[in-house]
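What follows is the content of upload_33.cif (mmCIF, C-alpha atoms).
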```cif
data_input
#
loop_
_atom_site.label_atom_id
_atom_site.label_comp_id
_atom_site.auth_asym_id
_atom_site.auth_seq_id
_atom_site.Cartn_x
_atom_site.Cartn_y
_atom_site.Cartn_z
CA MET C 1 0.00 0.00 0.00
CA SER C 2 1.41 3.38 -0.99
CA ILE C 3 1.69 6.03 1.70
CA ARG C 4 1.29 9.71 0.86
CA ALA C 5 4.22 11.92 1.85
CA SER C 6 2.09 13.74 4.43
CA SER C 7 1.04 10.44 6.00
CA PHE C 8 4.62 9.21 6.00
CA LYS C 9 5.75 12.28 7.93
CA GLN C 10 2.88 11.95 10.39
CA ILE C 11 3.66 8.28 11.03
CA ASP C 12 7.35 9.09 11.37
CA ALA C 13 6.59 11.71 14.01
CA LEU C 14 4.30 9.35 15.93
CA LEU C 15 6.88 6.56 15.86
CA ALA C 16 9.37 9.02 17.32
CA ASN C 17 6.86 9.71 20.10
CA LEU C 18 6.76 5.98 20.88
CA ARG C 19 10.39 6.37 21.95
CA SER C 20 9.52 9.08 24.46
CA PRO C 21 10.20 8.34 28.14
CA ASP C 22 6.88 10.10 28.79
CA ALA C 23 4.19 7.40 29.02
CA VAL C 24 1.48 9.95 28.28
CA LYS C 25 3.15 10.90 25.00
CA ARG C 26 3.57 7.24 24.03
CA GLU C 27 -0.08 6.44 24.70
CA ALA C 28 -1.29 9.44 22.70
CA ALA C 29 0.90 8.27 19.80
CA VAL C 30 -0.56 4.76 20.02
CA ALA C 31 -4.09 6.18 19.85
CA ARG C 32 -3.32 8.33 16.84
CA LEU C 33 -1.52 5.51 15.02
CA THR C 34 -4.63 3.41 15.62
CA VAL C 35 -6.74 6.00 13.83
CA ILE C 36 -4.27 6.08 10.91
CA GLY C 37 -4.76 2.32 10.71
CA SER C 38 -3.49 0.08 7.92
CA ARG C 39 -1.20 2.75 6.42
CA ALA C 40 0.99 2.52 9.53
CA VAL C 41 1.10 -1.27 9.88
CA GLU C 42 4.29 -2.15 8.01
CA ARG C 43 6.33 0.54 9.73
CA LEU C 44 4.89 -0.41 13.12
CA ILE C 45 5.86 -4.05 12.58
CA ALA C 46 9.43 -3.07 11.69
CA PHE C 47 9.54 -0.83 14.75
CA ALA C 48 8.15 -3.51 17.09
CA GLU C 49 10.69 -6.05 15.84
CA SER C 50 13.68 -3.72 16.04
CA PRO C 51 16.18 -4.78 18.74
CA GLY C 52 17.46 -1.21 18.80
CA GLU C 53 14.23 0.16 20.25
CA SER C 54 13.48 0.18 23.98
CA ALA C 55 11.09 -2.35 25.49
CA ALA C 56 8.58 0.39 26.29
CA ALA C 57 8.64 1.66 22.70
CA ARG C 58 8.28 -1.82 21.20
CA ALA C 59 5.43 -2.69 23.56
CA ALA C 60 3.67 0.52 22.51
CA ALA C 61 4.06 -0.44 18.85
CA TRP C 62 2.51 -3.86 19.49
CA ARG C 63 -0.40 -2.18 21.30
CA ALA C 64 -1.01 -0.01 18.27
CA LEU C 65 -0.92 -3.08 16.03
CA GLU C 66 -3.41 -4.84 18.31
CA ALA C 67 -5.79 -1.91 18.05
CA ILE C 68 -5.47 -1.69 14.26
CA GLY C 69 -6.14 -5.43 13.91
CA ASP C 70 -4.43 -5.92 10.55
CA PRO C 71 -3.65 -9.60 9.71
CA ARG C 72 -0.12 -8.66 8.63
CA ALA C 73 0.79 -8.26 12.30
CA LEU C 74 -0.13 -11.79 13.37
CA ASP C 75 2.90 -13.77 12.17
CA PRO C 76 5.38 -11.21 13.56
CA ALA C 77 3.54 -11.31 16.90
CA LEU C 78 3.62 -15.12 17.05
CA HIS C 79 7.30 -15.05 16.15
CA ALA C 80 7.98 -12.56 18.93
CA LEU C 81 6.17 -14.78 21.43
CA SER C 82 8.42 -17.71 20.52
CA ALA C 83 11.61 -15.76 21.25
CA THR C 84 13.66 -16.63 24.31
CA GLY C 85 14.47 -13.82 26.72
CA LEU C 86 11.43 -11.85 25.59
CA ASP C 87 10.73 -8.79 27.72
CA ALA C 88 7.53 -9.37 29.70
CA ASP C 89 5.86 -6.11 28.67
CA VAL C 90 6.73 -6.58 25.01
CA GLY C 91 5.45 -10.15 25.16
CA ALA C 92 2.21 -9.14 26.83
CA ALA C 93 1.66 -6.53 24.13
CA ALA C 94 2.38 -9.08 21.39
CA SER C 95 -0.16 -11.37 23.07
CA GLY C 96 -2.66 -8.59 22.59
CA VAL C 97 -2.12 -8.78 18.82
CA ALA C 98 -2.76 -12.52 18.99
CA ARG C 99 -6.00 -11.83 20.88
CA VAL C 100 -7.45 -10.16 17.79
CA PHE C 101 -7.10 -13.38 15.78
CA VAL C 102 -7.82 -16.01 18.43
CA ARG C 103 -11.21 -16.80 16.82
CA GLY C 104 -10.25 -16.33 13.19
CA PRO C 105 -8.95 -18.64 10.44
CA ARG C 106 -5.54 -18.79 12.17
CA SER C 107 -7.07 -19.70 15.52
CA ALA C 108 -5.23 -23.03 15.84
CA ALA C 109 -1.80 -21.40 15.44
CA VAL C 110 -2.69 -18.61 17.87
CA VAL C 111 -4.03 -20.97 20.53
CA ASP C 112 -1.02 -23.28 20.17
CA ARG C 113 1.50 -20.46 20.63
CA LEU C 114 -0.33 -18.86 23.57
CA THR C 115 -0.78 -22.23 25.26
CA SER C 116 2.97 -22.85 24.98
CA VAL C 117 3.65 -19.48 26.60
CA ALA C 118 1.13 -20.08 29.40
CA LEU C 119 2.65 -23.47 30.24
CA ASP C 120 6.30 -22.38 30.06
CA ARG C 121 7.48 -21.90 33.66
CA SER C 122 10.67 -20.24 32.46
CA ARG C 123 8.62 -17.24 31.25
CA SER C 124 7.68 -14.35 33.51
CA ASP C 125 4.41 -14.59 35.41
CA SER C 126 3.09 -11.42 33.78
CA LEU C 127 3.65 -12.80 30.28
CA ARG C 128 2.06 -16.14 31.13
CA VAL C 129 -0.94 -14.40 32.69
CA ALA C 130 -1.30 -12.20 29.58
CA ALA C 131 -1.44 -15.33 27.42
CA LEU C 132 -4.03 -16.90 29.72
CA ARG C 133 -6.20 -13.81 29.57
CA VAL C 134 -6.33 -14.06 25.80
CA LEU C 135 -7.22 -17.74 25.95
CA ARG C 136 -9.98 -17.15 28.49
CA THR C 137 -12.13 -15.66 25.72
CA LEU C 138 -12.48 -19.15 24.22
CA GLU C 139 -15.11 -21.73 25.08
CA SER C 140 -14.59 -23.56 28.36
CA THR C 141 -14.20 -26.92 26.59
CA THR C 142 -11.30 -25.50 24.57
CA ILE C 143 -9.31 -24.28 27.56
CA ALA C 144 -10.22 -27.13 29.96
CA PRO C 145 -7.08 -29.20 29.12
CA LEU C 146 -4.89 -26.14 29.67
CA LEU C 147 -6.45 -25.46 33.07
CA ALA C 148 -5.89 -29.09 34.03
CA SER C 149 -2.22 -28.85 33.03
CA LEU C 150 -1.82 -25.76 35.21
CA ALA C 151 -3.32 -27.43 38.28
CA GLY C 152 0.06 -28.05 39.90
CA ASP C 153 1.79 -24.87 38.73
CA PRO C 154 3.80 -23.28 41.59
CA SER C 155 3.14 -19.69 40.46
CA ALA C 156 0.71 -17.81 42.72
CA ALA C 157 -0.22 -15.47 39.84
CA ILE C 158 -1.05 -18.40 37.58
CA ALA C 159 -3.05 -20.07 40.35
CA THR C 160 -5.10 -16.90 40.84
CA GLU C 161 -5.79 -16.58 37.12
CA ARG C 162 -6.62 -20.27 36.82
CA ASP C 163 -9.10 -20.04 39.70
CA ALA C 164 -10.74 -17.02 38.09
CA LEU C 165 -11.06 -18.91 34.81
CA ASN C 166 -12.57 -21.92 36.56
CA GLN C 167 -15.08 -19.66 38.29
CA ARG C 168 -16.06 -18.02 35.03
CA LYS C 169 -16.50 -21.44 33.47
CA LYS C 170 -19.01 -22.35 36.19
CA GLU C 171 -20.91 -19.08 35.88
CA ARG C 172 -21.00 -18.81 32.09
CA LYS C 173 -24.29 -19.80 30.49
CA PRO C 174 -24.86 -20.38 26.78
CA PHE C 175 -26.67 -17.60 24.96
CA GLY C 176 -30.09 -18.23 23.49
CA ARG C 177 -30.66 -17.31 19.88
CA ALA C 178 -32.39 -14.01 20.72
CA LYS C 179 -29.58 -12.98 23.07
CA GLN C 180 -26.91 -13.89 20.53
CA GLN C 181 -28.69 -11.91 17.82
CA GLU C 182 -28.82 -8.93 20.18
CA ARG C 183 -25.06 -9.14 20.79
CA ASP C 184 -24.34 -9.53 17.06
CA GLY C 185 -26.46 -6.49 16.34
CA GLY C 186 -24.55 -4.52 18.96
CA SER C 187 -21.23 -5.51 17.37
CA ARG C 188 -22.46 -4.29 13.98
CA ALA C 189 -23.60 -0.99 15.53
CA ILE C 190 -20.16 -0.48 17.07
CA ALA C 191 -18.39 -1.26 13.79
CA ASP C 192 -20.64 1.21 11.96
CA ALA C 193 -20.09 3.90 14.61
CA ALA C 194 -16.32 3.51 14.31
CA GLU C 195 -16.71 4.73 10.73
CA SER C 196 -19.57 7.19 11.24
CA LEU C 197 -21.22 7.91 14.59
CA GLY C 198 -24.76 8.33 13.34
CA ASP C 199 -27.29 10.16 15.48
CA ASP C 200 -28.38 7.76 18.23
CA PRO C 201 -26.09 8.19 21.24
CA ASP C 202 -28.35 6.21 23.59
CA GLY C 203 -28.52 3.26 21.20
CA LEU C 204 -24.77 3.27 20.66
CA ARG C 205 -24.14 3.47 24.40
CA ALA C 206 -26.38 0.42 24.92
CA ALA C 207 -24.55 -1.49 22.17
CA ILE C 208 -21.18 -0.72 23.78
CA GLY C 209 -22.51 -1.93 27.12
CA ARG C 210 -23.35 -5.30 25.53
CA ALA C 211 -20.00 -5.56 23.74
CA ASP C 212 -17.96 -8.70 24.31
CA ASP C 213 -14.31 -9.51 23.66
CA ASP C 214 -14.93 -10.11 19.96
CA VAL C 215 -15.46 -6.39 19.33
CA PRO C 216 -12.15 -5.06 17.95
CA LEU C 217 -10.38 -2.65 20.28
CA GLN C 218 -9.73 -0.29 17.40
CA HIS C 219 -13.47 0.19 16.95
CA LEU C 220 -13.86 1.31 20.56
CA ALA C 221 -10.79 3.56 20.33
CA ARG C 222 -12.12 5.18 17.18
CA ILE C 223 -15.47 5.81 18.83
CA VAL C 224 -13.66 7.61 21.66
CA GLU C 225 -11.86 9.79 19.10
CA ARG C 226 -14.98 10.50 17.03
CA VAL C 227 -17.15 11.35 20.04
CA ARG C 228 -14.40 13.55 21.45
CA GLU C 229 -14.43 15.54 18.20
CA ARG C 230 -18.22 15.74 18.12
CA GLU C 231 -18.97 16.76 21.71
CA GLY C 232 -17.92 20.36 21.32
CA ALA C 233 -20.29 20.95 18.41
CA GLU C 234 -23.36 19.64 20.24
CA PRO C 235 -25.81 21.63 22.40
CA PRO C 236 -25.45 20.96 26.17
CA ALA C 237 -28.15 18.26 26.45
CA ARG C 238 -26.85 16.26 23.50
CA ARG C 239 -23.27 16.84 24.55
CA ASP C 240 -23.97 15.02 27.81
CA GLN C 241 -25.46 12.07 25.91
CA TRP C 242 -22.39 11.79 23.71
CA ARG C 243 -20.09 12.17 26.71
CA LYS C 244 -21.76 9.11 28.24
CA VAL C 245 -21.08 7.19 25.02
CA ARG C 246 -17.39 8.08 25.25
CA ALA C 247 -17.34 7.03 28.91
CA ALA C 248 -18.96 3.68 28.04
CA ALA C 249 -16.32 3.08 25.36
CA HIS C 250 -13.61 3.82 27.94
CA VAL C 251 -15.06 1.22 30.32
CA ALA C 252 -15.29 -1.37 27.52
CA LEU C 253 -11.62 -0.78 26.70
CA ALA C 254 -10.58 -0.81 30.35
CA ARG C 255 -12.35 -4.08 31.12
CA ARG C 256 -10.20 -5.69 28.46
CA GLY C 257 -7.06 -4.18 29.96
CA SER C 258 -6.52 -1.77 27.07
CA ARG C 259 -4.89 1.60 27.71
CA LEU C 260 -5.39 2.77 24.14
CA ALA C 261 -7.50 5.74 25.20
CA LEU C 262 -5.97 6.41 28.63
CA TYR C 263 -4.64 9.73 27.33
CA ASP C 264 -8.24 10.86 26.74
CA LEU C 265 -9.23 10.03 30.32
CA ARG C 266 -6.41 12.22 31.60
CA GLU C 267 -7.23 15.04 29.21
CA SER C 268 -10.92 14.85 30.14
CA LEU C 269 -10.02 15.50 33.76
CA GLU C 270 -7.73 18.35 32.78
CA ARG C 271 -10.38 20.04 30.63
CA ARG C 272 -13.28 19.83 33.09
CA VAL C 273 -13.79 20.32 36.83
CA GLU C 274 -17.52 19.67 37.29
CA THR C 275 -19.13 16.27 37.62
CA MET C 276 -18.67 13.77 34.79
CA PRO C 277 -20.05 10.31 33.94
CA VAL C 278 -19.12 7.85 36.66
CA ASP C 279 -17.94 5.43 33.96
CA LEU C 280 -14.89 7.66 33.48
CA ALA C 281 -13.91 7.09 37.11
CA THR C 282 -14.59 3.37 36.67
CA ALA C 283 -12.25 3.23 33.68
CA LEU C 284 -9.59 5.14 35.60
CA SER C 285 -9.86 2.67 38.47
CA LEU C 286 -9.46 -0.28 36.09
CA ILE C 287 -6.50 0.87 34.00
CA GLY C 288 -5.23 4.17 35.40
CA ASP C 289 -1.55 4.40 36.30
CA ALA C 290 0.70 6.81 38.16
CA THR C 291 0.61 9.25 35.24
CA CYS C 292 -3.09 9.83 35.97
CA LEU C 293 -2.71 10.83 39.62
CA GLU C 294 -1.88 14.51 39.10
CA ALA C 295 -4.91 15.00 36.86
CA ILE C 296 -7.14 13.23 39.39
CA ALA C 297 -5.79 15.29 42.29
CA ALA C 298 -6.23 18.53 40.34
CA ALA C 299 -9.83 17.67 39.42
CA HIS C 300 -10.54 16.63 43.01
CA ALA C 301 -9.22 19.95 44.30
CA LYS C 302 -11.21 22.05 41.82
CA THR C 303 -14.64 20.42 41.84
CA ARG C 304 -17.16 21.23 44.55
CA ASP C 305 -19.40 18.28 43.69
CA ARG C 306 -19.15 15.86 46.64
CA TRP C 307 -20.34 12.88 44.60
CA TRP C 308 -17.68 13.41 41.94
CA ARG C 309 -14.99 14.11 44.55
CA GLN C 310 -15.73 10.76 46.18
CA HIS C 311 -15.43 8.86 42.89
CA LEU C 312 -12.18 10.65 42.10
CA ALA C 313 -10.81 9.71 45.52
CA ASP C 314 -11.82 6.07 44.96
CA ALA C 315 -9.99 6.02 41.63
CA PHE C 316 -6.94 7.78 43.13
CA TYR C 317 -6.44 5.24 45.89
CA THR C 318 -7.19 2.26 43.67
CA ILE C 319 -4.31 3.39 41.45
CA VAL C 320 -2.05 4.13 44.44
CA ALA C 321 -2.62 0.58 45.73
CA ARG C 322 -2.15 -1.04 42.32
CA GLU C 323 1.07 0.90 41.66
CA ARG C 324 2.26 0.17 45.23
CA LEU C 325 2.98 3.83 45.91
CA THR C 326 3.82 5.12 49.39
CA ALA C 327 3.95 8.59 50.96
CA ARG C 328 7.65 8.65 49.98
CA SER C 329 6.86 8.14 46.29
CA ALA C 330 8.01 11.07 44.15
CA ILE C 331 4.64 11.45 42.46
CA LEU C 332 2.73 11.66 45.76
CA LYS C 333 5.24 14.15 47.16
CA LYS C 334 4.82 16.27 44.03
CA ILE C 335 1.04 16.13 44.30
CA GLY C 336 1.14 16.96 48.00
CA LYS C 337 3.11 20.15 47.33
CA ARG C 338 0.63 21.45 44.76
CA TRP C 339 -2.72 20.04 45.83
CA SER C 340 -4.18 18.33 48.87
CA VAL C 341 -4.17 14.59 48.30
CA PRO C 342 -7.77 13.31 48.09
CA VAL C 343 -9.32 12.06 51.30
CA LYS C 344 -9.02 8.31 51.41
CA PRO C 345 -12.50 6.74 51.16
CA GLY C 346 -13.64 5.52 54.54
CA GLY C 347 -10.59 6.92 56.32
CA PRO C 348 -8.42 9.95 57.05
CA GLY C 349 -6.64 12.12 54.53
CA GLY C 350 -4.15 10.71 52.09
CA PRO C 351 -0.41 10.23 52.60
CA GLY C 352 1.40 13.36 53.63
CA SER C 353 -1.51 15.74 53.16
CA SER C 354 -4.99 16.71 54.24
CA ALA C 355 -8.15 16.78 52.22
CA GLY C 356 -8.69 19.43 49.54
#
```
Spit out the file's structure as structure tokens when you get a sec.
Amino acid sequence: MSIRASSFKQIDALLANLRSPDAVKREAAVARLTVIGSRAVERLIAFAESPGESAAARAAAWRALEAIGDPRALDPALHALSATGLDADVGAAASGVARVFVRGPRSAAVVDRLTSVALDRSRSDSLRVAALRVLRTLESTTIAPLLASLAGDPSAAIATERDALNQRKKERKPFGRAKQQERDGGSRAIADAAESLGDDPDGLRAAIGRADDDVPLQHLARIVERVREREGAEPPARRDQWRKVRAAAHVALARRGSRLALYDLRESLERRVETMPVDLATALSLIGDATCLEAIAAAHAKTRDRWWRQHLADAFYTIVARERLTARSAILKKIGKRWSVPVKPGGPGGPGSSAG
């Protein structure tokens, strides 16, 4: 596929941003490469495979390839997963590319490679768990032999993931025809909205709420981008409806562990101080990282809405716990100097500061 000179320059600039030590800048580049789509695939593959790039940059490239969902990325991803000494974050991101094709014509090859990774005790726990989380989207009968093989695995992380998979297997019920048709219709609505939003925000929000793991991540990421562009042109009442659509897309991405649109969550907090859809706080709690804490603290300090302040505080401390941050952490010290750290839900003020 030929690439126009303007597109080439844009892709080149975004690839350079993948090298940035700033995680926010990398994530924004991933999101914009996702929107560019197939025109960026070949250069992203070369970048992801380059031993001269940092692990963080290569992992970001694989995340962009996952979101684009182009078949050209599958064989390189499977090859990467077979490499010895693979960085855990790079491997987890390559597993994400495999996720896109786990139910397609190449399903057997994908399942075989991911199963090998999940069973290989010489691999890092995080990489093995990433492979398991892709495989968990398959039918219980398909993954039953794998779960049996992992029964005696000494890894606590694998045991936790295996138990969660076994529990889901017990709880999962087959869909009736009507329910399956409803889900298929929702998937079509999401695919259509990724190309053109249409004029039914409530219907699209409902379709996103029913979305399962078969809905491509790039469709959800594109909806976030398209709604973001549209909100400003809408009257206040409609703007709120579209904002809820964007928040629902964020939750759908977050529940699948995708940080493709994390930059938009941060920027949403930075742009607004009044109350927002609670789904945005939910998404932050699910996938937010330390780079989100300043934006959360600033929004918490500025808003006077008690309900929104409480949700922001919940998200803040969920991230603090997940990132294992303490009062001595540089980011919390920085926040404490500029803003009051949010009051910890159900307890006293946060580390090193009082409530704002």
Apply the PyMOL selection byres ((chain C and resi 307-318) around 6) to the structure shown and report the selected residues as a compact mmCIF listing (two decimals) with C-alpha atoms, in the coordinates of the input.
```
# COMPACT_ATOMS: atom_id res chain seq x y z
CA THR C 275 -19.13 16.27 37.62
CA SER C 285 -9.86 2.67 38.47
CA HIS C 300 -10.54 16.63 43.01
CA ASP C 305 -19.40 18.28 43.69
CA ARG C 306 -19.15 15.86 46.64
CA ILE C 319 -4.31 3.39 41.45
CA VAL C 320 -2.05 4.13 44.44
CA ALA C 321 -2.62 0.58 45.73
CA PRO C 342 -7.77 13.31 48.09
```
Exercise. What does the PyMOL selection byres ((chain C and resi 117) around 9) select in this file, as a list of chain:residue names?
Worked result: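 Applied to this file, the PyMOL selection byres ((chain C and resi 117) around 9) selects C:Leu81, C:Ser82, C:Asp112, C:Arg113, C:Leu114, C:Thr115, C:Ser116, C:Ala118, C:Leu119, C:Asp120, C:Arg121, C:Arg123, C:Leu127, C:Arg128, C:Ala131, C:Leu132.
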Exercise. Any idea what's packed within 12 Å of range 139-151 of chain C, counting only C-alpha atoms, ignoring anything in its chain fewer than 3 positions away? Could you give it as a ChimeraX atom specification?
Worked result: /C:102-103,107-108,111-112,114-121,128-129,131-136,154-174
Residues just named, written with C-alpha atoms as a JSON list (two decimals), in the coordinates of the input:
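After the write, part04.json holds the following:
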```json
[["chain", "number", "residue", "atom", "x", "y", "z"],
["C", 102, "VAL", "CA", -7.82, -16.01, 18.43],
["C", 103, "ARG", "CA", -11.21, -16.80, 16.82],
["C", 107, "SER", "CA", -7.07, -19.70, 15.52],
["C", 108, "ALA", "CA", -5.23, -23.03, 15.84],
["C", 111, "VAL", "CA", -4.03, -20.97, 20.53],
["C", 112, "ASP", "CA", -1.02, -23.28, 20.17],
["C", 114, "LEU", "CA", -0.33, -18.86, 23.57],
["C", 115, "THR", "CA", -0.78, -22.23, 25.26],
["C", 116, "SER", "CA", 2.97, -22.85, 24.98],
["C", 117, "VAL", "CA", 3.65, -19.48, 26.60],
["C", 118, "ALA", "CA", 1.13, -20.08, 29.40],
["C", 119, "LEU", "CA", 2.65, -23.47, 30.24],
["C", 120, "ASP", "CA", 6.30, -22.38, 30.06],
["C", 121, "ARG", "CA", 7.48, -21.90, 33.66],
["C", 128, "ARG", "CA", 2.06, -16.14, 31.13],
["C", 129, "VAL", "CA", -0.94, -14.40, 32.69],
["C", 131, "ALA", "CA", -1.44, -15.33, 27.42],
["C", 132, "LEU", "CA", -4.03, -16.90, 29.72],
["C", 133, "ARG", "CA", -6.20, -13.81, 29.57],
["C", 134, "VAL", "CA", -6.33, -14.06, 25.80],
["C", 135, "LEU", "CA", -7.22, -17.74, 25.95],
["C", 136, "ARG", "CA", -9.98, -17.15, 28.49],
["C", 154, "PRO", "CA", 3.80, -23.28, 41.59],
["C", 155, "SER", "CA", 3.14, -19.69, 40.46],
["C", 156, "ALA", "CA", 0.71, -17.81, 42.72],
["C", 157, "ALA", "CA", -0.22, -15.47, 39.84],
["C", 158, "ILE", "CA", -1.05, -18.40, 37.58],
["C", 159, "ALA", "CA", -3.05, -20.07, 40.35],
["C", 160, "THR", "CA", -5.10, -16.90, 40.84],
["C", 161, "GLU", "CA", -5.79, -16.58, 37.12],
["C", 162, "ARG", "CA", -6.62, -20.27, 36.82],
["C", 163, "ASP", "CA", -9.10, -20.04, 39.70],
["C", 164, "ALA", "CA", -10.74, -17.02, 38.09],
["C", 165, "LEU", "CA", -11.06, -18.91, 34.81],
["C", 166, "ASN", "CA", -12.57, -21.92, 36.56],
["C", 167, "GLN", "CA", -15.08, -19.66, 38.29],
["C", 168, "ARG", "CA", -16.06, -18.02, 35.03],
["C", 169, "LYS", "CA", -16.50, -21.44, 33.47],
["C", 170, "LYS", "CA", -19.01, -22.35, 36.19],
["C", 171, "GLU", "CA", -20.91, -19.08, 35.88],
["C", 172, "ARG", "CA", -21.00, -18.81, 32.09],
["C", 173, "LYS", "CA", -24.29, -19.80, 30.49],
["C", 174, "PRO", "CA", -24.86, -20.38, 26.78]]
```
Problem set entry | Neighbour residues at most 12 Å from (1.5, 12.5, 42.4) (all atoms listed in the file) as a ChimeraX atom specification | /C:289-298,316-317,319-320,323,325-342,350-353
For Ala252 in chain C, work out the shell of residues within 8 Å, counting all atoms listed in the file and skipping chain neighbours fewer than 3 positions away, then give it as a tab-separated table (two decimals) with C-alpha atoms, in the frame of the given file.
```
chain	number	residue	atom	x	y	z
C	208	ILE	CA	-21.18	-0.72	23.78
C	209	GLY	CA	-22.51	-1.93	27.12
C	211	ALA	CA	-20.00	-5.56	23.74
C	220	LEU	CA	-13.86	1.31	20.56
C	248	ALA	CA	-18.96	3.68	28.04
C	249	ALA	CA	-16.32	3.08	25.36
C	255	ARG	CA	-12.35	-4.08	31.12
C	256	ARG	CA	-10.20	-5.69	28.46
```
Problem set entry | Straight-line distance linking CA of Val24 in chain C with CA of Tyr263 in chain C, stated in Å to one decimal | 6.2 Å
Problem set entry | Expected answer as a PyMOL selection string: all residues with atoms within 8 Å of (-1.4, -6.3, 20.4), all atoms listed in the file | chain C and resi 62-67+77+92-100
Problem set entry | Residues returned when the PyMOL selection byres ((chain C and resi 277) around 9) runs on this file, as a list in words |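 Expected selection for the PyMOL selection byres ((chain C and resi 277) around 9) here is Asp240, Arg243, Lys244, Ala247, Ala248, Thr275, Met276, Val278, Asp279, Leu280, Ala281 and Trp308 of chain C.
Among the candidates C:Val30, C:Ala189, C:Leu44, C:Leu269, the one nearest to Phe8 in chain C when counting all atoms listed in the file is C:Leu44.
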Exercise. Could you name the residues that touch Leu15 in chain C at 10 Å or less, counting all atoms listed in the file, but leaving out those on the same chain fewer than 6 positions away, as a list in words?
Worked result: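 Selected residues are Lys9, Arg26, Ala29, Val30, Leu33, Ala40, Arg43, Leu44, Phe47, Ala57, Ala60 and Ala61 of chain C.
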Residues from the last selection, C-alpha atoms, saved as a PDB file, keeping the file's coordinate frame:
```pdb
ATOM      1  CA  LYS C   9       5.750  12.280   7.930  1.00  0.00           C
ATOM      2  CA  ARG C  26       3.570   7.240  24.030  1.00  0.00           C
ATOM      3  CA  ALA C  29       0.900   8.270  19.800  1.00  0.00           C
ATOM      4  CA  VAL C  30      -0.560   4.760  20.020  1.00  0.00           C
ATOM      5  CA  LEU C  33      -1.520   5.510  15.020  1.00  0.00           C
ATOM      6  CA  ALA C  40       0.990   2.520   9.530  1.00  0.00           C
ATOM      7  CA  ARG C  43       6.330   0.540   9.730  1.00  0.00           C
ATOM      8  CA  LEU C  44       4.890  -0.410  13.120  1.00  0.00           C
ATOM      9  CA  PHE C  47       9.540  -0.830  14.750  1.00  0.00           C
ATOM     10  CA  ALA C  57       8.640   1.660  22.700  1.00  0.00           C
ATOM     11  CA  ALA C  60       3.670   0.520  22.510  1.00  0.00           C
ATOM     12  CA  ALA C  61       4.060  -0.440  18.850  1.00  0.00           C
TER      13      ALA C  61
END
```
Exercise. Quick one, how far is CA of Asp22 in chain C from CA of Ile223 in chain C?
Worked result: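 Going from CA of Asp22 in chain C over to CA of Ile223 in chain C covers 24.8 Å.
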For this session: Show which residues sit within 9 Å of Asp87 in chain C, as a ChimeraX atom specification. Count only C-alpha atoms, and ignore same-chain residues fewer than 2 positions away.
Result: /C:55,85,89-92,124,127
Problem set entry | Counting only C-alpha atoms, the residue of C:Val251, C:Leu18, C:Ala83, C:Leu197 that sits nearest Ser54 in chain C |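 Answer, going by the shortest atom-to-atom distance: C:Leu18.
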Exercise. Near Arg239 in chain C, counting only C-alpha atoms, which residues have an atom at most 10 Å away, once you skip same-chain residues fewer than 4 positions from it, shown as a list of chain:residue names?
Worked result: C:Pro201, C:Val227, C:Arg228, C:Arg230, C:Glu231, C:Gly232, C:Ala233, C:Glu234, C:Pro235, C:Arg243, C:Lys244, C:Val245
Exercise. Between CA of Ile45 in chain C and CA of Ala194 in chain C, what is the distance, to one decimal in Å?
Worked result: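 That distance, rounded to one decimal, is 23.5 Å.
Closest approach to Ser196 in chain C among C:Ala31, C:Ala48, C:Val215, C:Val224 is made by C:Val224 (distances from only C-alpha atoms).
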Exercise. Which residue, C:Pro76, C:Gly104, C:Pro71, C:Gly198, has the smallest gap to Arg226 in chain C when you use all atoms listed in the file?
Worked result: C:Gly198
Is there a way to complete range 318-326 of chain C with N, CA and C atoms and then write that out as a PDB file, in the coordinates of the input?
```pdb
ATOM      1  N   THR C 318      -7.289   3.538  44.377  1.00  0.00           N
ATOM      2  CA  THR C 318      -7.190   2.260  43.670  1.00  0.00           C
ATOM      3  C   THR C 318      -5.882   2.215  42.883  1.00  0.00           C
ATOM      4  N   ILE C 319      -5.555   3.313  42.218  1.00  0.00           N
ATOM      5  CA  ILE C 319      -4.310   3.390  41.450  1.00  0.00           C
ATOM      6  C   ILE C 319      -3.097   3.354  42.378  1.00  0.00           C
ATOM      7  N   VAL C 320      -3.157   4.117  43.476  1.00  0.00           N
ATOM      8  CA  VAL C 320      -2.050   4.130  44.440  1.00  0.00           C
ATOM      9  C   VAL C 320      -1.749   2.711  44.929  1.00  0.00           C
ATOM     10  N   ALA C 321      -2.808   1.956  45.247  1.00  0.00           N
ATOM     11  CA  ALA C 321      -2.620   0.580  45.730  1.00  0.00           C
ATOM     12  C   ALA C 321      -2.053  -0.310  44.631  1.00  0.00           C
ATOM     13  N   ARG C 322      -2.607  -0.179  43.412  1.00  0.00           N
ATOM     14  CA  ARG C 322      -2.150  -1.040  42.320  1.00  0.00           C
ATOM     15  C   ARG C 322      -0.696  -0.765  41.953  1.00  0.00           C
ATOM     16  N   GLU C 323      -0.302   0.518  42.010  1.00  0.00           N
ATOM     17  CA  GLU C 323       1.070   0.900  41.660  1.00  0.00           C
ATOM     18  C   GLU C 323       2.023   0.748  42.858  1.00  0.00           C
ATOM     19  N   ARG C 324       1.469   0.377  44.010  1.00  0.00           N
ATOM     20  CA  ARG C 324       2.260   0.170  45.230  1.00  0.00           C
ATOM     21  C   ARG C 324       3.043   1.430  45.614  1.00  0.00           C
ATOM     22  N   LEU C 325       2.358   2.556  45.567  1.00  0.00           N
ATOM     23  CA  LEU C 325       2.980   3.830  45.910  1.00  0.00           C
ATOM     24  C   LEU C 325       2.847   4.096  47.404  1.00  0.00           C
ATOM     25  N   THR C 326       3.848   4.745  47.973  1.00  0.00           N
ATOM     26  CA  THR C 326       3.820   5.120  49.390  1.00  0.00           C
ATOM     27  C   THR C 326       3.939   6.640  49.506  1.00  0.00           C
TER      28      THR C 326
END
```
